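The next block holds one structure in the form of structure tokens; read it before the comments.
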Amino acid sequence: MNDLLSDYHVFYQNVRGFHWNVKGENFFDLHVQFEELYTKLYQNIDDLAERVVTIGFRPLHAYSDYLKNSIHKEITDVSNGDECVKHVIDGLGILAQSHRKVAKEAGEAGDIATEDMLTAFVADIEKRMWMFTMFAK
């Protein structure tokens, strides 16, 4: 679950960067959508970290640990709206894969509460991925 928490943090920061730096004709739409997305990511981060504590572990909390444990890469110096959206779509896909892996492990361990939480998260992530994909067409 700490790997998933790491994925969230790196992707969250990427989306914050897109929100702050996006330029172009779709600025107003994308600026709002990126803020909505990173707000949801932040809520999921908090819920996930609290779940880690609830089941008896310690959530990672150092950015250096996030970078070591995440499959996401930092994305810098991107301001083109189309490029930002492409990175968001890719990042949401990666995050969905991470959720599925951890949810499967939780289910195999009999941790249905974690499995249920992650299933709800991935449903929302997939819907957002679909919406950004439709925007990009």
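Quick note on naming: the chains in the structure tokens go A, B, ... in the order shown, residues restart at 1 in each chain, and ligands are numbered from 1 in order of appearance.
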Fill in: Backbone DSSP call of alpha helix (DSSP H) for region 3-103 of chain A, listed as a PyMOL selection string
chain A and resi 3-21+27-54+63-69+81-103
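Minimum atom-to-atom distances from A:Leu41, A:Met134, A:Ile55, A:Val10 to Lys86 (chain A) were compared using only C-alpha atoms, and the lowest value belongs to A:Met134.
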Give one line per residue of region 8-72 of chain A that approaches region 118-128 of chain A to at most 10 Å, naming the two atoms of the closest pair and their distance in Å to one decimal, counting only C-alpha atoms; sort by chain then ascending residue number and deliver it as a tab-separated table.
```
residue	atom	partner	partner_atom	distance
A:Gln33	CA	A:Arg128	CA	9.8
A:Leu37	CA	A:Arg128	CA	8.1
A:Lys40	CA	A:Asp124	CA	9.4
A:Leu41	CA	A:Ile125	CA	9.3
A:Asn44	CA	A:Phe121	CA	7.4
A:Leu48	CA	A:Leu118	CA	8.6
```
Worksheet item: Could you pull the residues within 9 Å of region 93-110 of chain A, counting only C-alpha atoms, minus those fewer than 2 positions along the same chain, as a PyMOL selection string?
Response: chain A and resi 1+3-4+7-8+11+71-72+88-91+112-119+121-123+125-126+129
Discussion item. Calculated over only C-alpha atoms, which of the candidates A:Asn26, A:Thr39, A:Ser64, A:Asn69 has the smallest distance to Glu83 (chain A)?
Written reply: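 Of the candidates, the smallest distance to Glu83 (chain A) is held by A:Asn26.
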Item to complete: Excluding Ala62 (chain A) and any residue of its chain fewer than 6 positions from it, enumerate the residues within 12 Å of it, using only C-alpha atoms, and give them as an NGL selection string.
Response: :A and (2 or 5-6 or 9-10 or 68-69)
Worksheet item: Which residue, A:Asn80, A:Phe34, A:Gly56, A:Ala136, has the smallest gap to Asn14 (chain A) when you use only C-alpha atoms?
Response: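 Using only C-alpha atoms, the shortest distance to Asn14 (chain A) belongs to A:Phe34.
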Can you pull out every residue within 7 Å of Pro59 (chain A), counting only C-alpha atoms, but drop anything in the same chain fewer than 3 positions away, and send it as a compact mmCIF listing (two decimals) with N, CA and C atoms, in the first residue's frame?
```txt
# COMPACT_ATOMS: atom_id res chain seq x y z
N ASN A 2 2.06 1.16 0.55
CA ASN A 2 2.95 2.32 0.52
C ASN A 2 3.43 2.62 -0.90
N ALA A 49 -3.55 6.67 3.46
CA ALA A 49 -2.59 6.72 4.56
C ALA A 49 -3.24 6.32 5.88
N VAL A 52 -3.57 2.61 5.96
CA VAL A 52 -2.28 1.97 6.27
C VAL A 52 -2.09 1.93 7.79
N VAL A 53 -2.37 3.04 8.46
CA VAL A 53 -2.24 3.09 9.92
C VAL A 53 -3.25 2.15 10.57
```
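Computed from the coordinates, the CA of Glu35 (chain A) to CA of Val85 (chain A) distance equals 12.9 Å.
For the set A:Thr76, A:Leu92, A:Tyr66, A:Gly81, the residue with the smallest atom-to-atom gap to Leu30 (chain A) is A:Gly81, counting only C-alpha atoms.
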